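J.: So here's data-v7.cif (mmCIF, C-alpha atoms and all ligand atoms).
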```cif
data_protein
#
loop_
_atom_site.label_atom_id
_atom_site.label_comp_id
_atom_site.auth_asym_id
_atom_site.auth_seq_id
_atom_site.Cartn_x
_atom_site.Cartn_y
_atom_site.Cartn_z
CA MET A 1 -37.73 115.72 -116.11
CA ARG A 2 -41.10 117.24 -117.06
CA LYS A 3 -41.11 118.66 -120.60
CA ARG A 4 -43.52 120.90 -122.49
CA ILE A 5 -44.39 118.86 -125.58
CA LEU A 6 -46.33 119.89 -128.67
CA VAL A 7 -48.21 117.13 -130.50
CA ALA A 8 -49.43 118.42 -133.87
CA GLY A 9 -52.25 116.13 -135.04
CA GLY A 10 -52.86 115.16 -131.40
CA ALA A 11 -56.61 114.52 -131.84
CA GLY A 12 -56.05 111.90 -134.53
CA PHE A 13 -55.74 108.15 -134.16
CA LEU A 14 -52.00 107.97 -133.40
CA GLY A 15 -51.77 111.47 -131.90
CA SER A 16 -54.33 110.78 -129.18
CA HIS A 17 -52.45 107.65 -128.07
CA LEU A 18 -49.19 109.58 -128.06
CA CYS A 19 -50.70 112.44 -125.97
CA GLU A 20 -52.06 109.91 -123.48
CA HIS A 21 -48.68 108.21 -123.15
CA LEU A 22 -46.78 111.49 -122.68
CA LEU A 23 -49.28 112.76 -120.09
CA GLY A 24 -49.03 109.45 -118.22
CA ALA A 25 -45.24 109.93 -118.11
CA GLY A 26 -45.77 113.29 -116.34
CA HIS A 27 -45.22 115.73 -119.22
CA GLU A 28 -47.17 118.84 -120.14
CA VAL A 29 -48.81 118.26 -123.53
CA ILE A 30 -50.24 120.75 -126.00
CA CYS A 31 -52.40 119.13 -128.67
CA LEU A 32 -52.57 121.21 -131.84
CA ASP A 33 -55.14 120.09 -134.40
CA ASN A 34 -57.40 121.46 -137.12
CA PHE A 35 -59.89 118.60 -136.51
CA SER A 36 -60.06 117.72 -140.21
CA THR A 37 -59.83 113.98 -139.48
CA GLY A 38 -59.20 114.18 -135.71
CA LEU A 39 -62.04 113.86 -133.23
CA ARG A 40 -62.72 115.62 -129.94
CA ARG A 41 -63.88 112.33 -128.44
CA ASN A 42 -60.36 110.89 -128.95
CA ILE A 43 -58.95 113.40 -126.47
CA ALA A 44 -61.99 114.00 -124.22
CA GLN A 45 -60.69 111.67 -121.49
CA LEU A 46 -57.29 113.43 -121.45
CA LYS A 47 -58.79 116.50 -119.79
CA ARG A 48 -58.43 114.60 -116.49
CA PHE A 49 -54.74 115.49 -116.71
CA GLY A 50 -54.29 119.08 -115.55
CA THR A 51 -51.23 119.29 -117.81
CA PHE A 52 -53.16 118.83 -121.06
CA SER A 53 -54.30 121.65 -123.35
CA VAL A 54 -55.78 121.82 -126.84
CA ILE A 55 -55.30 124.47 -129.52
CA ALA A 56 -57.47 124.40 -132.64
CA HIS A 57 -55.00 125.44 -135.33
CA ASP A 58 -54.01 124.53 -138.89
CA ILE A 59 -50.22 124.01 -139.16
CA VAL A 60 -50.32 125.58 -142.63
CA GLU A 61 -50.45 128.83 -140.61
CA PRO A 62 -47.38 129.77 -138.52
CA ILE A 63 -47.57 129.45 -134.75
CA ALA A 64 -45.53 130.80 -131.82
CA LEU A 65 -45.34 128.68 -128.66
CA ASP A 66 -42.82 127.91 -125.97
CA VAL A 67 -42.05 124.16 -126.20
CA ASP A 68 -39.19 121.73 -125.51
CA GLU A 69 -40.16 119.03 -128.01
CA ILE A 70 -42.40 118.80 -131.08
CA TYR A 71 -44.05 115.73 -132.63
CA ASN A 72 -45.42 116.38 -136.12
CA LEU A 73 -48.24 113.93 -136.75
CA ALA A 74 -50.56 116.44 -138.43
CA CYS A 75 -51.68 115.06 -141.80
CA PRO A 76 -54.58 112.87 -142.89
CA ALA A 77 -53.22 109.33 -143.30
CA SER A 78 -56.04 107.45 -144.98
CA PRO A 79 -56.03 107.47 -148.82
CA PRO A 80 -59.68 108.64 -149.20
CA HIS A 81 -59.09 111.45 -146.68
CA TYR A 82 -55.75 112.69 -148.02
CA GLN A 83 -57.04 112.49 -151.62
CA ALA A 84 -60.25 114.41 -150.78
CA ASN A 85 -58.30 117.69 -150.68
CA PRO A 86 -54.90 116.93 -152.23
CA ILE A 87 -53.67 120.53 -152.30
CA GLN A 88 -54.37 120.94 -148.58
CA THR A 89 -52.55 117.59 -148.01
CA MET A 90 -49.48 118.85 -149.87
CA LYS A 91 -49.60 122.18 -148.01
CA THR A 92 -49.92 120.38 -144.68
CA CYS A 93 -46.88 118.21 -145.45
CA VAL A 94 -44.69 120.99 -146.84
CA VAL A 95 -45.82 124.40 -145.47
CA GLY A 96 -47.03 122.80 -142.21
CA SER A 97 -43.68 121.04 -141.65
CA LEU A 98 -41.86 124.25 -142.50
CA ASN A 99 -43.85 126.17 -139.87
CA LEU A 100 -43.11 123.56 -137.21
CA LEU A 101 -39.42 123.44 -138.19
CA ASP A 102 -39.26 127.26 -137.89
CA LEU A 103 -40.81 126.99 -134.43
CA ALA A 104 -38.31 124.26 -133.46
CA ALA A 105 -35.40 126.36 -134.72
CA ARG A 106 -36.54 129.40 -132.73
CA ARG A 107 -36.96 127.35 -129.52
CA ARG A 108 -34.03 124.98 -130.12
CA ALA A 109 -36.60 122.20 -129.65
CA ARG A 110 -36.09 118.61 -130.78
CA ILE A 111 -38.56 117.77 -133.57
CA PHE A 112 -40.04 114.41 -134.65
CA GLN A 113 -41.59 113.68 -138.02
CA ALA A 114 -44.22 110.99 -138.64
CA SER A 115 -43.06 109.93 -142.09
CA THR A 116 -44.39 106.90 -143.88
CA SER A 117 -43.74 103.68 -145.77
CA GLU A 118 -45.38 105.52 -148.70
CA ILE A 119 -41.95 107.07 -149.19
CA TYR A 120 -41.10 103.71 -150.86
CA GLY A 121 -44.13 103.93 -153.21
CA ASP A 122 -44.70 100.63 -155.04
CA PRO A 123 -41.34 99.18 -153.95
CA HIS A 124 -38.92 97.18 -156.07
CA ILE A 125 -36.92 96.17 -152.99
CA HIS A 126 -38.55 93.81 -150.52
CA PRO A 127 -38.60 94.06 -147.53
CA GLN A 128 -38.04 97.82 -147.53
CA VAL A 129 -34.81 99.13 -146.03
CA GLU A 130 -34.23 102.79 -145.16
CA SER A 131 -31.48 103.11 -147.78
CA TYR A 132 -33.99 102.36 -150.59
CA TRP A 133 -35.05 105.61 -152.35
CA GLY A 134 -38.39 104.25 -153.48
CA ASN A 135 -40.55 104.04 -156.57
CA VAL A 136 -43.09 106.85 -156.38
CA ASN A 137 -45.41 108.27 -159.06
CA PRO A 138 -44.92 112.07 -158.82
CA PHE A 139 -48.32 113.03 -160.29
CA GLY A 140 -50.82 110.28 -159.45
CA PRO A 141 -53.70 110.47 -156.95
CA ARG A 142 -51.43 109.27 -154.07
CA SER A 143 -48.66 111.76 -154.90
CA CYS A 144 -49.96 114.62 -152.71
CA TYR A 145 -49.23 112.41 -149.72
CA ASP A 146 -46.20 110.43 -150.93
CA GLU A 147 -44.35 113.40 -152.42
CA GLY A 148 -45.53 115.68 -149.61
CA LYS A 149 -43.99 113.35 -147.03
CA ARG A 150 -40.81 113.00 -149.11
CA SER A 151 -40.50 116.80 -149.29
CA ALA A 152 -41.03 117.00 -145.53
CA GLU A 153 -38.07 114.63 -145.01
CA THR A 154 -36.01 116.91 -147.27
CA LEU A 155 -36.95 119.97 -145.20
CA PHE A 156 -36.15 118.19 -141.93
CA PHE A 157 -32.67 117.27 -143.18
CA ASP A 158 -32.03 120.78 -144.55
CA PHE A 159 -32.89 122.30 -141.15
CA HIS A 160 -30.63 119.72 -139.52
CA ARG A 161 -27.71 120.53 -141.84
CA LEU A 162 -28.19 124.32 -141.94
CA HIS A 163 -29.33 125.06 -138.38
CA GLY A 164 -28.08 122.04 -136.42
CA LEU A 165 -31.67 121.17 -135.48
CA GLU A 166 -32.14 117.84 -133.66
CA ILE A 167 -34.47 115.86 -135.93
CA LYS A 168 -36.08 112.43 -135.49
CA ILE A 169 -37.73 110.86 -138.54
CA VAL A 170 -39.67 107.59 -138.40
CA ARG A 171 -41.24 105.86 -141.39
CA ILE A 172 -44.45 104.29 -140.16
CA PHE A 173 -45.87 101.14 -141.78
CA ASN A 174 -49.65 100.45 -141.67
CA THR A 175 -50.71 100.84 -138.05
CA TYR A 176 -54.14 100.07 -136.61
CA GLY A 177 -56.00 100.04 -133.31
CA PRO A 178 -58.69 101.68 -131.19
CA ARG A 179 -59.63 105.31 -132.01
CA MET A 180 -59.44 104.91 -135.78
CA ARG A 181 -62.57 106.51 -137.21
CA PRO A 182 -65.25 104.04 -138.37
CA ASP A 183 -65.26 106.03 -141.66
CA ASP A 184 -61.45 106.28 -141.78
CA GLY A 185 -61.38 104.28 -145.02
CA ARG A 186 -58.23 102.26 -144.30
CA VAL A 187 -58.41 98.52 -144.61
CA VAL A 188 -58.44 97.37 -140.97
CA SER A 189 -61.19 99.74 -139.83
CA ASN A 190 -63.20 99.14 -143.02
CA PHE A 191 -63.11 95.34 -142.64
CA ILE A 192 -63.94 95.39 -138.92
CA VAL A 193 -66.82 97.86 -139.27
CA GLN A 194 -68.21 95.97 -142.28
CA ALA A 195 -67.97 92.65 -140.41
CA LEU A 196 -69.63 94.02 -137.26
CA LYS A 197 -72.47 95.59 -139.27
CA GLY A 198 -72.96 92.44 -141.37
CA GLU A 199 -72.15 94.41 -144.55
CA ASP A 200 -70.09 93.11 -147.49
CA ILE A 201 -66.33 93.11 -146.85
CA THR A 202 -64.75 95.02 -149.72
CA ILE A 203 -61.45 93.64 -151.02
CA TYR A 204 -59.91 95.99 -153.58
CA GLY A 205 -58.38 94.03 -156.48
CA ASP A 206 -57.81 90.27 -156.07
CA GLY A 207 -56.62 90.61 -152.45
CA SER A 208 -53.13 89.27 -153.18
CA GLN A 209 -51.42 92.60 -152.37
CA THR A 210 -49.65 92.55 -149.00
CA ARG A 211 -49.33 94.86 -146.01
CA SER A 212 -47.65 94.54 -142.59
CA PHE A 213 -49.88 95.61 -139.71
CA CYS A 214 -48.51 97.12 -136.52
CA PHE A 215 -50.61 97.58 -133.37
CA VAL A 216 -50.73 101.16 -132.08
CA ASP A 217 -49.19 100.47 -128.62
CA ASP A 218 -46.07 98.99 -130.23
CA LEU A 219 -45.72 101.98 -132.53
CA ILE A 220 -46.02 104.55 -129.72
CA ASP A 221 -43.29 102.69 -127.82
CA GLY A 222 -41.10 103.13 -130.92
CA PHE A 223 -41.92 106.88 -131.07
CA ILE A 224 -40.87 107.38 -127.43
CA ARG A 225 -37.62 105.46 -127.89
CA MET A 226 -36.80 107.44 -131.03
CA MET A 227 -37.46 110.83 -129.42
CA ALA A 228 -35.26 109.86 -126.43
CA SER A 229 -32.36 108.62 -128.59
CA ALA A 230 -28.94 110.29 -128.92
CA PRO A 231 -28.88 113.56 -130.94
CA SER A 232 -26.79 111.89 -133.65
CA LEU A 233 -29.66 109.51 -134.52
CA THR A 234 -31.74 111.43 -137.07
CA GLY A 235 -33.42 108.51 -138.82
CA PRO A 236 -35.15 107.85 -141.07
CA ILE A 237 -35.97 104.65 -139.22
CA ASN A 238 -38.67 102.16 -140.20
CA LEU A 239 -41.27 101.37 -137.54
CA GLY A 240 -43.70 98.59 -138.35
CA ASN A 241 -44.52 94.96 -137.74
CA PRO A 242 -42.62 92.68 -140.16
CA GLY A 243 -45.46 90.10 -140.20
CA GLU A 244 -46.74 90.29 -143.79
CA PHE A 245 -50.28 89.34 -144.82
CA THR A 246 -52.28 89.47 -148.03
CA ILE A 247 -55.41 91.61 -147.88
CA GLY A 248 -57.39 88.41 -148.56
CA GLU A 249 -55.85 86.82 -145.46
CA LEU A 250 -56.71 89.90 -143.41
CA ALA A 251 -60.36 89.71 -144.52
CA GLU A 252 -60.55 86.04 -143.50
CA ARG A 253 -58.94 86.78 -140.13
CA VAL A 254 -61.46 89.56 -139.41
CA VAL A 255 -64.40 87.31 -140.37
CA GLU A 256 -63.07 84.55 -138.10
CA LEU A 257 -62.48 86.87 -135.10
CA THR A 258 -65.83 88.67 -135.36
CA GLY A 259 -67.83 85.52 -136.21
CA SER A 260 -69.45 87.65 -138.92
CA ARG A 261 -71.70 86.33 -141.68
CA SER A 262 -70.58 89.10 -144.05
CA LYS A 263 -69.76 88.14 -147.65
CA ILE A 264 -66.33 88.97 -149.06
CA VAL A 265 -66.72 90.95 -152.31
CA ARG A 266 -64.27 92.42 -154.85
CA ARG A 267 -63.99 96.09 -155.81
CA PRO A 268 -61.60 97.75 -158.31
CA LEU A 269 -58.01 98.21 -157.17
CA PRO A 270 -57.21 101.93 -156.62
CA VAL A 271 -54.65 103.55 -158.96
CA ASP A 272 -51.00 103.06 -157.89
CA ASP A 273 -51.96 100.77 -154.99
CA PRO A 274 -48.62 99.27 -153.81
CA ARG A 275 -48.33 95.51 -154.47
CA GLN A 276 -46.37 94.65 -151.35
CA ARG A 277 -45.06 96.19 -148.19
CA ARG A 278 -42.99 94.89 -145.29
CA PRO A 279 -40.51 96.82 -143.14
CA ASP A 280 -36.96 95.73 -142.52
CA ILE A 281 -36.71 96.75 -138.86
CA SER A 282 -33.05 95.84 -138.28
CA LEU A 283 -32.13 99.49 -137.75
CA ALA A 284 -34.90 100.10 -135.18
CA THR A 285 -33.91 96.93 -133.32
CA GLN A 286 -30.21 97.82 -133.36
CA GLU A 287 -30.52 101.55 -132.54
CA LEU A 288 -33.63 101.64 -130.35
CA GLY A 289 -33.83 98.08 -129.00
CA TRP A 290 -37.36 98.11 -130.47
CA ARG A 291 -39.44 95.33 -131.93
CA PRO A 292 -43.23 94.96 -131.97
CA LYS A 293 -44.80 92.54 -129.50
CA VAL A 294 -48.51 92.43 -130.35
CA GLU A 295 -49.55 89.66 -132.75
CA LEU A 296 -52.13 90.46 -135.44
CA SER A 297 -54.97 88.42 -133.88
CA GLU A 298 -54.44 89.99 -130.47
CA GLY A 299 -54.36 93.54 -131.86
CA LEU A 300 -57.37 92.88 -134.08
CA GLY A 301 -59.23 91.52 -131.04
CA GLN A 302 -58.66 94.77 -129.11
CA THR A 303 -59.67 96.84 -132.14
CA ILE A 304 -62.82 94.77 -132.70
CA ARG A 305 -63.84 95.31 -129.05
CA TYR A 306 -63.34 99.07 -129.50
CA PHE A 307 -65.50 99.28 -132.63
CA ASP A 308 -68.13 96.95 -131.19
CA GLU A 309 -68.57 99.28 -128.21
CA LEU A 310 -68.48 102.41 -130.39
CA LEU A 311 -71.06 101.09 -132.86
CA SER A 312 -73.43 100.05 -130.09
CA ARG A 313 -73.09 103.58 -128.66
CA SER A 314 -73.77 105.16 -132.07
CA ASP A 315 -76.97 103.05 -132.23
CA ARG A 316 -77.91 105.10 -129.20
CA LYS A 317 -77.36 108.23 -131.35
CA VAL A 318 -73.92 109.53 -130.33
CA PRO A 319 -73.05 111.95 -133.18
CA GLU A 320 -70.10 110.83 -135.34
CA SER A 321 -68.43 114.23 -135.43
CA VAL A 322 -67.61 114.54 -131.72
P1 LIG B 401 -55.32 110.69 -138.53
O1 LIG B 401 -55.95 111.20 -139.77
O2 LIG B 401 -56.15 109.94 -137.55
O3 LIG B 401 -54.63 111.89 -137.74
C1 LIG B 401 -54.12 113.04 -138.34
C2 LIG B 401 -54.42 114.23 -137.43
O4 LIG B 401 -53.84 115.42 -137.99
C3 LIG B 401 -55.92 114.50 -137.28
O5 LIG B 401 -56.23 114.78 -135.94
C4 LIG B 401 -56.15 115.73 -138.17
O6 LIG B 401 -57.26 116.49 -137.78
C5 LIG B 401 -54.82 116.45 -138.00
N1 LIG B 401 -54.48 117.35 -139.10
C6 LIG B 401 -54.49 117.09 -140.44
N2 LIG B 401 -54.08 118.15 -141.14
C7 LIG B 401 -53.78 119.13 -140.23
C8 LIG B 401 -53.32 120.47 -140.34
N3 LIG B 401 -53.07 121.02 -141.53
N4 LIG B 401 -53.14 121.18 -139.21
C9 LIG B 401 -53.41 120.63 -137.98
N5 LIG B 401 -53.85 119.36 -137.83
C10 LIG B 401 -54.04 118.63 -138.94
O7 LIG B 401 -54.08 109.79 -138.98
P2 LIG B 401 -53.08 108.88 -138.12
O8 LIG B 401 -53.18 107.50 -138.59
O9 LIG B 401 -53.21 109.18 -136.69
O10 LIG B 401 -51.67 109.44 -138.66
C11 LIG B 401 -50.91 110.37 -137.92
C12 LIG B 401 -49.62 110.66 -138.65
O11 LIG B 401 -48.86 109.45 -138.84
C13 LIG B 401 -49.82 111.27 -140.03
O12 LIG B 401 -48.83 112.25 -140.25
C14 LIG B 401 -49.60 110.11 -140.96
O13 LIG B 401 -49.11 110.52 -142.22
C15 LIG B 401 -48.56 109.29 -140.21
N6 LIG B 401 -48.64 107.87 -140.60
C16 LIG B 401 -49.62 107.06 -140.10
C17 LIG B 401 -49.68 105.75 -140.51
C18 LIG B 401 -50.69 104.79 -139.95
O14 LIG B 401 -50.70 103.64 -140.36
N7 LIG B 401 -51.56 105.16 -139.03
C19 LIG B 401 -48.76 105.25 -141.44
C20 LIG B 401 -47.80 106.11 -141.96
C21 LIG B 401 -47.74 107.42 -141.51
N1 LIG B 402 -58.13 97.91 -149.16
C1 LIG B 402 -59.13 96.97 -149.42
N2 LIG B 402 -60.39 97.23 -148.97
C2 LIG B 402 -60.70 98.35 -148.26
C3 LIG B 402 -59.68 99.29 -147.99
C4 LIG B 402 -58.41 99.04 -148.47
O1 LIG B 402 -58.88 95.94 -150.04
O2 LIG B 402 -61.89 98.49 -147.87
C5 LIG B 402 -56.76 97.61 -149.63
C6 LIG B 402 -56.06 98.74 -150.37
O3 LIG B 402 -56.38 98.70 -151.75
C7 LIG B 402 -54.61 98.42 -150.08
C8 LIG B 402 -54.63 97.81 -148.70
O4 LIG B 402 -55.97 97.38 -148.48
O5 LIG B 402 -54.13 97.44 -151.00
C9 LIG B 402 -54.23 98.78 -147.60
O6 LIG B 402 -55.00 99.95 -147.78
P1 LIG B 402 -54.99 101.14 -146.72
O7 LIG B 402 -55.84 102.22 -147.31
O8 LIG B 402 -55.34 100.63 -145.38
O9 LIG B 402 -53.48 101.59 -146.63
P2 LIG B 402 -52.33 101.89 -147.72
O10 LIG B 402 -52.83 101.60 -149.10
O11 LIG B 402 -52.02 103.33 -147.54
O12 LIG B 402 -51.23 100.98 -147.34
#
```
What does this structure look like when you write it as structure tokens?
T.:
Amino acid sequence: MRKRILVAGGAGFLGSHLCEHLLGAGHEVICLDNFSTGLRRNIAQLKRFGTFSVIAHDIVEPIALDVDEIYNLACPASPPHYQANPIQTMKTCVVGSLNLLDLAARRRARIFQASTSEIYGDPHIHPQVESYWGNVNPFGPRSCYDEGKRSAETLFFDFHRLHGLEIKIVRIFNTYGPRMRPDDGRVVSNFIVQALKGEDITIYGDGSQTRSFCFVDDLIDGFIRMMASAPSLTGPINLGNPGEFTIGELAERVVELTGSRSKIVRRPLPVDDPRQRRPDISLATQELGWRPKVELSEGLGQTIRYFDELLSRSDRKVPESV
């Protein structure tokens, strides 16, 4: 059945892949974005679908639309971007979520929240299970994002309890792939762009901290399964790839796959940088039949090809902002 689906943050990295998937499945998609980190080029090719439309709008302002389902992906996800304007980040997470929840309540629409592994902060439980409440600094430089996303989960559950709203919350662990910005600032895009340009590869700290990297196609499959699940399944549910790597190992893997001659250099570790992160995905496997399929080298290969093509185009003077 064709649905009218709102994707807030639809011009971003994950949002553009989600829009493309939903359009391919025959739905009508409205992409709502303030283009703070999202790019018009991410969604340019989606105009071929007659059922795609774009609204330039900041979710901090209320909006009235007629929709059947809402995905809330609107929020900068990269630490340098969300820390650049922390008050706007907090407003996006809290006031923005509130506006979308109000819209969902008025339309009786099912609503999905892109939450995050940052909910767990610098975790004392490893791997992270959904029942763990986390270890989060409430006033550090990462707090606008971590606490903003925690407050958003609170609001989603209050709307569910008070208004019977159908909510779907996923906690996303580090995801990468084509359509990340070259200046996104997260580790996978940084390392690949540095390697392709022959610049120094910047490891923050000693590189022994760990992350688990999920390829974008696997994550979007998890989103779709979650949104289609029974009303009783609210989440939160972890979505991520349980393969765990040190940042040093990631740097070596990128150098190997790109054949780069870049040097690996050390830079100071950012404040409150989590030491380790790996999702326990038992719940996603049990409830959604989901598990990631794309191995790190394969996903990195696809991402390297994307950036290689993009950088050779930007040599031919394609402006970064489009
Ligand atoms: P992204 O920065 O590429 O995309 C975010 C999008 O939201 C951009 O298009 C941006 O312009 C838009 N946006 C930001 N603030 C907005 C506002 N106030 N109003 C309207 N639009 C706004 O990031 P991404 O990696 O695609 O992340 C998408 C979502 O998934 C975010 O909510 C993020 O917190 C969550 N998430 C992502 C990851 C990951 O690894 N990619 C991990 C955890 C959570
Ligand atoms: N990181 C790094 N070099 C970079 C960018 C990030 O060593 O150029 C590290 C960062 O300190 C963190 C890890 O890589 O330990 C993942 O960082 P990212 O910003 O991608 O995601 P997050 O910290 O939100 O998990």
J.: Near Asn238 in chain A, within 7 Å and counting all atoms listed in the file, which residues show up once chain neighbours fewer than 5 positions away are dropped, as a list in words?
T.: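 Final neighbour list, sorted by chain and number: Glu130, Val170, Arg171, Ile172, Pro279, Ile281 and Ala284 of chain A.
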J.: Please measure the separation of CA of Pro182 in chain A and CA of Ile247 in chain A, giving the value in Å to one decimal.
T.: 18.5 Å
J.: Tell me, as a list in words, which residues lie within 12 Å of Glu298 in chain A, counting all atoms listed in the file; anything in the same chain fewer than 3 positions away does not count.
T.: Tyr176, Gly177, Phe213, Cys214, Phe215, Val216, Asp217, Arg253, Val254, Leu257, Lys293, Val294, Glu295, Gly301, Gln302, Thr303, Ile304 and Arg305 of chain A
J.: Here is a test: counting all atoms listed in the file, which residue of A:Ile224, A:Leu196, A:Val60, A:Leu165 is nearest to ligand LIG 401 (chain B)?
T.: A:Val60
J.: In terms of the shortest atom-to-atom distance over all atoms listed in the file, which of A:Arg107, A:Lys91, A:His124, A:Arg40 is closest to Arg4 in chain A?
T.: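 So, comparing all the options, the nearest one is A:Arg107.
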J.: Report as number ranges by chain which protein, DNA and RNA residues come within 9 Å of ligand LIG 402 (chain B), using all atoms listed in the file.
T.: A: 77-80, 117-118, 142, 173-176, 184-191, 194, 201-212, 246-248, 251, 266-271, 273-277
J.: Return the single residue from A:Gly38, A:Gly240, A:Gly148, A:Gly26 that is closest to ligand LIG 401 (chain B), with distances computed using all atoms listed in the file.
T.: A:Gly38
J.: Hey, which residues come within 7 Å of ligand LIG 401 (chain B) if we count all atoms listed in the file? Could you give them as a PyMOL selection string?
T.: chain A and resi 8-15+32-39+57-60+72-78+92+96+114-117+171-176+180
J.: Report, in Å to a single decimal, how far apart CA of Leu283 in chain A and CA of Ser229 in chain A are.
T.: 12.9 Å
J.: Work out how far apart CA of Arg261 in chain A and CA of Gly198 in chain A are and give it in Å to one decimal.
T.: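 Separating CA of Arg261 in chain A from CA of Gly198 in chain A is a distance of 6.2 Å.
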J.: Return range 219-234 of chain A, completed with N, CA, C and O atoms, as a PDB file, in the coordinates of the input.
T.:
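Contents of the output file part-v6.pdb:
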```pdb
ATOM      1  N   LEU A 219     -46.251 100.830-131.785  1.00  0.00           N
ATOM      2  CA  LEU A 219     -45.720 101.980-132.530  1.00  0.00           C
ATOM      3  C   LEU A 219     -45.370 103.129-131.587  1.00  0.00           C
ATOM      4  O   LEU A 219     -44.298 103.743-131.712  1.00  0.00           O
ATOM      5  N   ILE A 220     -46.263 103.422-130.643  1.00  0.00           N
ATOM      6  CA  ILE A 220     -46.020 104.550-129.720  1.00  0.00           C
ATOM      7  C   ILE A 220     -44.756 104.277-128.904  1.00  0.00           C
ATOM      8  O   ILE A 220     -43.953 105.195-128.665  1.00  0.00           O
ATOM      9  N   ASP A 221     -44.539 103.043-128.526  1.00  0.00           N
ATOM     10  CA  ASP A 221     -43.290 102.690-127.820  1.00  0.00           C
ATOM     11  C   ASP A 221     -42.078 103.034-128.697  1.00  0.00           C
ATOM     12  O   ASP A 221     -41.083 103.591-128.221  1.00  0.00           O
ATOM     13  N   GLY A 222     -42.191 102.779-129.988  1.00  0.00           N
ATOM     14  CA  GLY A 222     -41.100 103.130-130.920  1.00  0.00           C
ATOM     15  C   GLY A 222     -40.902 104.641-131.002  1.00  0.00           C
ATOM     16  O   GLY A 222     -39.768 105.135-131.054  1.00  0.00           O
ATOM     17  N   PHE A 223     -42.005 105.401-131.022  1.00  0.00           N
ATOM     18  CA  PHE A 223     -41.920 106.880-131.070  1.00  0.00           C
ATOM     19  C   PHE A 223     -41.110 107.387-129.861  1.00  0.00           C
ATOM     20  O   PHE A 223     -40.232 108.236-129.999  1.00  0.00           O
ATOM     21  N   ILE A 224     -41.484 106.875-128.686  1.00  0.00           N
ATOM     22  CA  ILE A 224     -40.870 107.380-127.430  1.00  0.00           C
ATOM     23  C   ILE A 224     -39.377 107.058-127.431  1.00  0.00           C
ATOM     24  O   ILE A 224     -38.534 107.893-127.080  1.00  0.00           O
ATOM     25  N   ARG A 225     -39.043 105.844-127.840  1.00  0.00           N
ATOM     26  CA  ARG A 225     -37.620 105.460-127.890  1.00  0.00           C
ATOM     27  C   ARG A 225     -36.853 106.337-128.870  1.00  0.00           C
ATOM     28  O   ARG A 225     -35.727 106.738-128.610  1.00  0.00           O
ATOM     29  N   MET A 226     -37.477 106.618-130.019  1.00  0.00           N
ATOM     30  CA  MET A 226     -36.800 107.440-131.030  1.00  0.00           C
ATOM     31  C   MET A 226     -36.569 108.846-130.508  1.00  0.00           C
ATOM     32  O   MET A 226     -35.468 109.401-130.643  1.00  0.00           O
ATOM     33  N   MET A 227     -37.599 109.447-129.903  1.00  0.00           N
ATOM     34  CA  MET A 227     -37.460 110.830-129.420  1.00  0.00           C
ATOM     35  C   MET A 227     -36.385 110.906-128.325  1.00  0.00           C
ATOM     36  O   MET A 227     -35.706 111.927-128.208  1.00  0.00           O
ATOM     37  N   ALA A 228     -36.223 109.839-127.545  1.00  0.00           N
ATOM     38  CA  ALA A 228     -35.260 109.860-126.430  1.00  0.00           C
ATOM     39  C   ALA A 228     -33.854 109.451-126.869  1.00  0.00           C
ATOM     40  O   ALA A 228     -32.932 109.435-126.050  1.00  0.00           O
ATOM     41  N   SER A 229     -33.656 109.152-128.144  1.00  0.00           N
ATOM     42  CA  SER A 229     -32.360 108.620-128.590  1.00  0.00           C
ATOM     43  C   SER A 229     -31.313 109.735-128.695  1.00  0.00           C
ATOM     44  O   SER A 229     -31.643 110.918-128.633  1.00  0.00           O
ATOM     45  N   ALA A 230     -30.061 109.338-128.858  1.00  0.00           N
ATOM     46  CA  ALA A 230     -28.940 110.290-128.920  1.00  0.00           C
ATOM     47  C   ALA A 230     -29.152 111.293-130.058  1.00  0.00           C
ATOM     48  O   ALA A 230     -29.740 110.946-131.095  1.00  0.00           O
ATOM     49  N   PRO A 231     -28.674 112.541-129.906  1.00  0.00           N
ATOM     50  CA  PRO A 231     -28.880 113.560-130.940  1.00  0.00           C
ATOM     51  C   PRO A 231     -28.372 113.135-132.314  1.00  0.00           C
ATOM     52  O   PRO A 231     -28.916 113.552-133.343  1.00  0.00           O
ATOM     53  N   SER A 232     -27.354 112.285-132.352  1.00  0.00           N
ATOM     54  CA  SER A 232     -26.790 111.890-133.650  1.00  0.00           C
ATOM     55  C   SER A 232     -27.751 110.998-134.457  1.00  0.00           C
ATOM     56  O   SER A 232     -27.589 110.849-135.666  1.00  0.00           O
ATOM     57  N   LEU A 233     -28.742 110.406-133.799  1.00  0.00           N
ATOM     58  CA  LEU A 233     -29.660 109.510-134.520  1.00  0.00           C
ATOM     59  C   LEU A 233     -30.812 110.338-135.116  1.00  0.00           C
ATOM     60  O   LEU A 233     -31.772 110.694-134.433  1.00  0.00           O
ATOM     61  N   THR A 234     -30.719 110.623-136.397  1.00  0.00           N
ATOM     62  CA  THR A 234     -31.740 111.430-137.070  1.00  0.00           C
ATOM     63  C   THR A 234     -32.841 110.571-137.682  1.00  0.00           C
ATOM     64  O   THR A 234     -33.926 111.054-137.955  1.00  0.00           O
TER      65      THR A 234
END
```
